[in-house]
Amino acid sequence: MLKYYNYDIVFQEIPDEVTLAVNLTNCPNRCQGCHSPHLREDIGTVLDEAEIGKLIAQYDRCITCFCFMGGDADKQEVERLARYIRDHFRLKTAWYSGRNELPEDTMSFDYIKLGPYMPEFGGLKSQHTNQHLYLNSNGTYIDITSNYWETQL
């Protein structure tokens with residue numbers, strides 16, 4: 001069972017998308033320097049089909065993507081809910097996992113962002129980032145991280 005702590009509309013997590021980013025709890029990763037250590041706790045509201053419907057209804061046609069922020073403790077449930085969102089709401093789906101490798105058999109997402117945020121390496125816009133953003137292109141994930149690197153003039 002997944003639970004979430006809060007959510008927000010964001011524009012940078014998944015570039016070129018207006019994203020409803022839902023912060024999931026019970027994170028097992030324990031990343032050093034985590035900016036949201038409270039998300040390690042098993043707290044929050046159960047995230048199921050009914051709750052997803054309520055969240056999406058608040059923003060109606062303003063969002064283009066639903067992003068699961070976390071959920072590494074229950075990959076199968078994240079995958080199942082992503083399929084539900086794609087089938088019932090026709091939104092793009094994304095998953096931000098703090099892990100470093102693509103999970104096997106994860107095909108329900110348009111985007112997957114991997115890697116813990118490490119301030120010394122920066123986010124996706126940094127050529128030194130440890131994070132990677134993948135685009136699902138006909139069942140194959142393509143690393144598109146370099147598309148977002150800032151160029152030095």
# chains A, B, ... in the order shown; residues from 1 in each chain; ligands from 1
call {"tool": "residues_around", "arguments": {"residues": "segment 24-26 of chain A", "least_positions_apart": "6", "cutoff": "8 Å", "atoms": "only C-alpha atoms", "output": "number ranges by chain"}}
result
A: 2-6, 38-44, 68-71, 73
call {"tool": "write_last_selection", "arguments": {"atoms": "all heavy atoms", "output": "compact mmCIF listing (two decimals), in the first residue's frame"}}
result
# COMPACT_ATOMS: atom_id res chain seq x y z
N LEU A 2 0.60 2.16 -0.90
CA LEU A 2 1.33 3.41 -0.97
C LEU A 2 0.59 4.49 -0.18
O LEU A 2 -0.64 4.51 -0.15
CB LEU A 2 1.45 3.88 -2.42
CG LEU A 2 2.30 3.04 -3.36
CD1 LEU A 2 2.24 3.62 -4.76
CD2 LEU A 2 3.73 2.96 -2.87
N LYS A 3 1.38 5.38 0.41
CA LYS A 3 0.83 6.56 1.08
C LYS A 3 1.58 7.77 0.58
O LYS A 3 2.74 7.68 0.19
CB LYS A 3 1.00 6.45 2.60
CG LYS A 3 0.20 5.33 3.24
CD LYS A 3 0.44 5.30 4.74
CE LYS A 3 -0.25 4.14 5.39
NZ LYS A 3 0.08 4.07 6.83
N TYR A 4 0.89 8.91 0.60
CA TYR A 4 1.55 10.15 0.20
C TYR A 4 1.42 11.18 1.31
O TYR A 4 0.48 11.18 2.10
CB TYR A 4 1.02 10.68 -1.13
CG TYR A 4 -0.35 11.30 -1.07
CD1 TYR A 4 -0.51 12.68 -0.98
CD2 TYR A 4 -1.50 10.51 -1.13
CE1 TYR A 4 -1.77 13.25 -0.95
CE2 TYR A 4 -2.76 11.07 -1.10
CZ TYR A 4 -2.89 12.44 -1.00
OH TYR A 4 -4.13 13.01 -0.96
N TYR A 5 2.40 12.07 1.34
CA TYR A 5 2.47 13.11 2.36
C TYR A 5 1.87 14.42 1.83
O TYR A 5 1.10 15.08 2.51
CB TYR A 5 3.91 13.33 2.78
CG TYR A 5 4.09 14.35 3.86
CD1 TYR A 5 3.81 14.03 5.19
CD2 TYR A 5 4.54 15.63 3.57
CE1 TYR A 5 3.97 14.97 6.19
CE2 TYR A 5 4.71 16.57 4.58
CZ TYR A 5 4.42 16.24 5.88
OH TYR A 5 4.58 17.17 6.87
N ASN A 6 2.27 14.79 0.62
CA ASN A 6 1.77 16.02 0.00
C ASN A 6 1.99 15.95 -1.50
O ASN A 6 2.49 14.96 -2.03
CB ASN A 6 2.42 17.26 0.62
CG ASN A 6 3.91 17.31 0.42
OD1 ASN A 6 4.53 16.39 -0.11
ND2 ASN A 6 4.53 18.39 0.84
N HIS A 38 11.42 13.29 6.45
CA HIS A 38 10.12 12.86 6.98
C HIS A 38 9.44 11.85 6.05
O HIS A 38 8.59 11.08 6.48
CB HIS A 38 9.22 14.07 7.24
CG HIS A 38 8.94 14.87 6.01
ND1 HIS A 38 9.86 15.75 5.47
CD2 HIS A 38 7.86 14.92 5.20
CE1 HIS A 38 9.36 16.30 4.39
NE2 HIS A 38 8.14 15.82 4.20
N LEU A 39 9.83 11.83 4.77
CA LEU A 39 9.23 10.89 3.82
C LEU A 39 9.72 9.45 4.04
O LEU A 39 9.22 8.52 3.42
CB LEU A 39 9.49 11.32 2.38
CG LEU A 39 8.86 12.66 1.98
CD1 LEU A 39 9.22 13.01 0.54
CD2 LEU A 39 7.36 12.65 2.19
N ARG A 40 10.66 9.28 4.96
CA ARG A 40 11.11 7.93 5.32
C ARG A 40 10.09 7.22 6.20
O ARG A 40 10.06 6.00 6.27
CB ARG A 40 12.43 8.01 6.08
CG ARG A 40 13.57 8.56 5.27
CD ARG A 40 14.79 8.75 6.12
NE ARG A 40 15.87 9.31 5.33
CZ ARG A 40 16.94 9.87 5.84
NH1 ARG A 40 17.10 9.93 7.16
NH2 ARG A 40 17.88 10.37 5.05
N GLU A 41 9.24 7.99 6.84
CA GLU A 41 8.25 7.44 7.77
C GLU A 41 7.06 6.85 7.02
O GLU A 41 6.73 7.29 5.92
CB GLU A 41 7.76 8.54 8.72
CG GLU A 41 8.86 9.23 9.50
CD GLU A 41 9.61 8.30 10.42
OE1 GLU A 41 8.97 7.43 11.05
OE2 GLU A 41 10.85 8.44 10.52
N ASP A 42 6.39 5.91 7.65
CA ASP A 42 5.17 5.31 7.09
C ASP A 42 3.98 6.14 7.55
O ASP A 42 3.25 5.78 8.45
CB ASP A 42 5.05 3.85 7.54
CG ASP A 42 3.89 3.12 6.87
OD1 ASP A 42 3.32 3.66 5.91
OD2 ASP A 42 3.56 2.01 7.33
N ILE A 43 3.82 7.31 6.90
CA ILE A 43 2.80 8.28 7.28
C ILE A 43 2.02 8.71 6.04
O ILE A 43 2.41 8.40 4.92
CB ILE A 43 3.42 9.52 7.96
CG1 ILE A 43 4.45 10.18 7.03
CG2 ILE A 43 4.05 9.15 9.30
CD1 ILE A 43 5.04 11.48 7.54
N GLY A 44 0.94 9.43 6.25
CA GLY A 44 0.23 10.05 5.15
C GLY A 44 -1.08 9.37 4.80
O GLY A 44 -1.58 8.51 5.50
N PHE A 68 5.04 10.07 -9.64
CA PHE A 68 5.22 9.44 -8.34
C PHE A 68 6.61 9.80 -7.86
O PHE A 68 7.60 9.38 -8.46
CB PHE A 68 5.10 7.92 -8.46
CG PHE A 68 3.75 7.44 -8.92
CD1 PHE A 68 3.47 7.31 -10.27
CD2 PHE A 68 2.78 7.11 -8.00
CE1 PHE A 68 2.23 6.86 -10.70
CE2 PHE A 68 1.53 6.66 -8.41
CZ PHE A 68 1.26 6.54 -9.76
N MET A 69 6.68 10.56 -6.78
CA MET A 69 7.97 10.95 -6.21
C MET A 69 8.28 9.96 -5.09
O MET A 69 7.82 10.10 -3.97
CB MET A 69 7.89 12.38 -5.67
CG MET A 69 7.47 13.41 -6.71
SD MET A 69 8.70 13.67 -7.98
CE MET A 69 9.93 14.57 -7.05
N GLY A 70 9.04 8.93 -5.43
CA GLY A 70 9.33 7.86 -4.49
C GLY A 70 8.48 6.65 -4.78
O GLY A 70 7.99 6.47 -5.90
N GLY A 71 8.34 5.80 -3.78
CA GLY A 71 7.58 4.58 -3.97
C GLY A 71 8.46 3.36 -4.13
O GLY A 71 8.00 2.28 -4.49
N ALA A 73 9.62 1.45 -2.07
CA ALA A 73 9.28 0.34 -1.17
C ALA A 73 8.22 -0.59 -1.77
O ALA A 73 8.08 -1.72 -1.33
CB ALA A 73 8.79 0.89 0.18
call {"tool": "select_by_dssp", "arguments": {"residues": "segment 19-127 of chain A", "states": "alpha helix (DSSP H)", "output": "list in words"}}
result
Glu49, Ala50, Glu51, Ile52, Gly53, Lys54, Leu55, Ile56, Ala57, Gln58, Tyr59, Lys75, Gln76, Glu77, Val78, Glu79, Arg80, Leu81, Ala82, Arg83, Tyr84, Ile85, Arg86, Asp87, His88 and Phe89 of chain A
call {"tool": "write_last_selection", "arguments": {"atoms": "N, CA, C and O atoms", "output": "short mmCIF file (atom, residue, chain, number, x, y, z; two decimals), in the first residue's frame"}}
result
data_model
loop_
_atom_site.label_atom_id
_atom_site.label_comp_id
_atom_site.auth_asym_id
_atom_site.auth_seq_id
_atom_site.Cartn_x
_atom_site.Cartn_y
_atom_site.Cartn_z
N GLU A 49 -6.90 4.32 -6.19
CA GLU A 49 -7.59 4.86 -7.35
C GLU A 49 -8.52 6.01 -6.98
O GLU A 49 -8.57 7.02 -7.70
N ALA A 50 -9.25 5.88 -5.90
CA ALA A 50 -10.18 6.95 -5.49
C ALA A 50 -9.42 8.23 -5.14
O ALA A 50 -9.82 9.34 -5.54
N GLU A 51 -8.34 8.09 -4.41
CA GLU A 51 -7.55 9.27 -4.02
C GLU A 51 -6.90 9.91 -5.24
O GLU A 51 -6.85 11.14 -5.36
N ILE A 52 -6.41 9.11 -6.15
CA ILE A 52 -5.83 9.64 -7.40
C ILE A 52 -6.89 10.43 -8.16
O ILE A 52 -6.62 11.53 -8.66
N GLY A 53 -8.10 9.89 -8.24
CA GLY A 53 -9.18 10.60 -8.91
C GLY A 53 -9.45 11.95 -8.29
O GLY A 53 -9.65 12.94 -9.00
N LYS A 54 -9.43 12.03 -6.97
CA LYS A 54 -9.65 13.30 -6.27
C LYS A 54 -8.53 14.30 -6.58
O LYS A 54 -8.80 15.48 -6.83
N LEU A 55 -7.29 13.83 -6.54
CA LEU A 55 -6.16 14.72 -6.81
C LEU A 55 -6.20 15.26 -8.23
O LEU A 55 -6.03 16.46 -8.45
N ILE A 56 -6.44 14.38 -9.18
CA ILE A 56 -6.47 14.81 -10.58
C ILE A 56 -7.66 15.74 -10.83
O ILE A 56 -7.53 16.73 -11.55
N ALA A 57 -8.80 15.48 -10.20
CA ALA A 57 -9.99 16.32 -10.40
C ALA A 57 -9.74 17.76 -9.96
O ALA A 57 -10.32 18.69 -10.53
N GLN A 58 -8.88 17.97 -8.97
CA GLN A 58 -8.58 19.33 -8.50
C GLN A 58 -7.96 20.18 -9.59
O GLN A 58 -8.08 21.40 -9.58
N TYR A 59 -7.23 19.53 -10.49
CA TYR A 59 -6.48 20.28 -11.50
C TYR A 59 -7.00 20.05 -12.91
O TYR A 59 -6.47 20.60 -13.87
N LYS A 75 7.39 -1.05 -5.64
CA LYS A 75 7.48 -0.80 -7.07
C LYS A 75 6.27 -1.33 -7.84
O LYS A 75 5.76 -0.69 -8.74
N GLN A 76 5.77 -2.49 -7.46
CA GLN A 76 4.63 -3.08 -8.17
C GLN A 76 3.38 -2.22 -8.05
O GLN A 76 2.61 -2.08 -9.00
N GLU A 77 3.16 -1.63 -6.88
CA GLU A 77 1.98 -0.79 -6.70
C GLU A 77 2.13 0.52 -7.46
O GLU A 77 1.16 1.03 -8.04
N VAL A 78 3.33 1.08 -7.51
CA VAL A 78 3.57 2.28 -8.31
C VAL A 78 3.26 1.97 -9.78
O VAL A 78 2.56 2.73 -10.46
N GLU A 79 3.74 0.85 -10.25
CA GLU A 79 3.51 0.43 -11.63
C GLU A 79 2.00 0.24 -11.90
O GLU A 79 1.47 0.69 -12.91
N ARG A 80 1.31 -0.41 -11.00
CA ARG A 80 -0.12 -0.67 -11.17
C ARG A 80 -0.91 0.64 -11.24
O ARG A 80 -1.78 0.83 -12.10
N LEU A 81 -0.60 1.56 -10.33
CA LEU A 81 -1.32 2.84 -10.32
C LEU A 81 -0.98 3.69 -11.54
O LEU A 81 -1.83 4.43 -12.04
N ALA A 82 0.24 3.57 -12.03
CA ALA A 82 0.61 4.30 -13.26
C ALA A 82 -0.23 3.80 -14.44
O ALA A 82 -0.71 4.61 -15.25
N ARG A 83 -0.42 2.50 -14.53
CA ARG A 83 -1.28 1.95 -15.60
C ARG A 83 -2.71 2.48 -15.46
O ARG A 83 -3.36 2.83 -16.45
N TYR A 84 -3.19 2.52 -14.22
CA TYR A 84 -4.53 3.04 -13.97
C TYR A 84 -4.66 4.49 -14.46
O TYR A 84 -5.63 4.86 -15.13
N ILE A 85 -3.69 5.32 -14.13
CA ILE A 85 -3.71 6.73 -14.53
C ILE A 85 -3.69 6.86 -16.05
O ILE A 85 -4.47 7.62 -16.63
N ARG A 86 -2.83 6.12 -16.70
CA ARG A 86 -2.75 6.19 -18.17
C ARG A 86 -4.06 5.73 -18.81
O ARG A 86 -4.52 6.32 -19.77
N ASP A 87 -4.65 4.67 -18.28
CA ASP A 87 -5.88 4.12 -18.86
C ASP A 87 -7.11 4.98 -18.61
O ASP A 87 -7.99 5.08 -19.46
N HIS A 88 -7.19 5.60 -17.43
CA HIS A 88 -8.41 6.32 -17.06
C HIS A 88 -8.34 7.84 -17.24
O HIS A 88 -9.38 8.48 -17.33
N PHE A 89 -7.15 8.40 -17.24
CA PHE A 89 -7.04 9.85 -17.30
C PHE A 89 -6.25 10.34 -18.50
O PHE A 89 -6.16 11.54 -18.72
#
call {"tool": "atom_distance", "arguments": {"atom1": "atom CA of Met118 of chain A", "atom2": "atom CA of Asn130 of chain A"}}
result
7.4 Å
call {"tool": "atom_distance", "arguments": {"atom1": "atom CA of Asp143 of chain A", "atom2": "atom CA of Ser108 of chain A"}}
result
16.4 Å
call {"tool": "atom_distance", "arguments": {"atom1": "atom CA of Ile112 of chain A", "atom2": "atom CA of Ala94 of chain A"}}
result
5.5 Å
call {"tool": "closest_residue", "arguments": {"among": "A:Thr93, A:Asn147, A:Thr45, A:Gln127", "to": "Ala21 of chain A", "atoms": "only C-alpha atoms"}}
result
A:Thr93
call {"tool": "select_by_dssp", "arguments": {"residues": "chain A", "states": "strand (DSSP E)", "output": "number ranges by chain"}}
result
A: 3-10, 19-24, 45-46, 65-69, 92-97, 111-114, 132-137, 140-143
call {"tool": "residues_around", "arguments": {"residues": "Pro119 of chain A", "least_positions_apart": "6", "cutoff": "12 Å", "atoms": "only C-alpha atoms", "output": "PyMOL selection string"}}
result
chain A and resi 31-35+126+128-131
call {"tool": "closest_residue", "arguments": {"among": "A:Tyr134, A:Cys67, A:Arg99, A:Phe121", "to": "Gln12 of chain A", "atoms": "only C-alpha atoms"}}
result
A:Cys67
call {"tool": "closest_residue", "arguments": {"among": "A:Leu91, A:Thr145, A:Thr64, A:Val22", "to": "Lys113 of chain A", "atoms": "only C-alpha atoms"}}
result
A:Thr145
call {"tool": "residues_around", "arguments": {"residues": "Cys65 of chain A", "least_positions_apart": "4", "cutoff": "7 Å", "atoms": "only C-alpha atoms", "output": "MDAnalysis selection string"}}
result
chainID A and resid 17:20 91:93
call {"tool": "write_last_selection", "arguments": {"atoms": "N, CA, C and O atoms", "output": "CSV table (one decimal), in the first residue's frame"}}
result
chain,number,residue,atom,x,y,z
A,17,GLU,N,6.6,19.3,-19.2
A,17,GLU,CA,5.3,18.8,-18.7
A,17,GLU,C,4.8,19.7,-17.5
A,17,GLU,O,5.7,20.2,-16.8
A,18,VAL,N,3.5,19.8,-17.4
A,18,VAL,CA,2.9,20.4,-16.2
A,18,VAL,C,2.6,19.2,-15.3
A,18,VAL,O,1.7,18.5,-15.7
A,19,THR,N,3.3,19.0,-14.3
A,19,THR,CA,3.3,17.8,-13.5
A,19,THR,C,2.7,17.9,-12.2
A,19,THR,O,3.0,18.8,-11.4
A,20,LEU,N,1.8,17.0,-11.8
A,20,LEU,CA,1.3,16.8,-10.5
A,20,LEU,C,2.3,15.8,-9.8
A,20,LEU,O,2.3,14.6,-10.2
A,91,LEU,N,-3.2,10.7,-19.0
A,91,LEU,CA,-2.1,11.6,-18.6
A,91,LEU,C,-0.8,10.8,-18.8
A,91,LEU,O,-0.8,9.6,-18.8
A,92,LYS,N,0.3,11.6,-19.0
A,92,LYS,CA,1.6,10.9,-19.0
A,92,LYS,C,1.9,10.6,-17.6
A,92,LYS,O,1.4,11.2,-16.7
A,93,THR,N,2.7,9.6,-17.4
A,93,THR,CA,3.1,9.1,-16.1
A,93,THR,C,4.6,9.2,-16.0
A,93,THR,O,5.4,8.9,-16.9
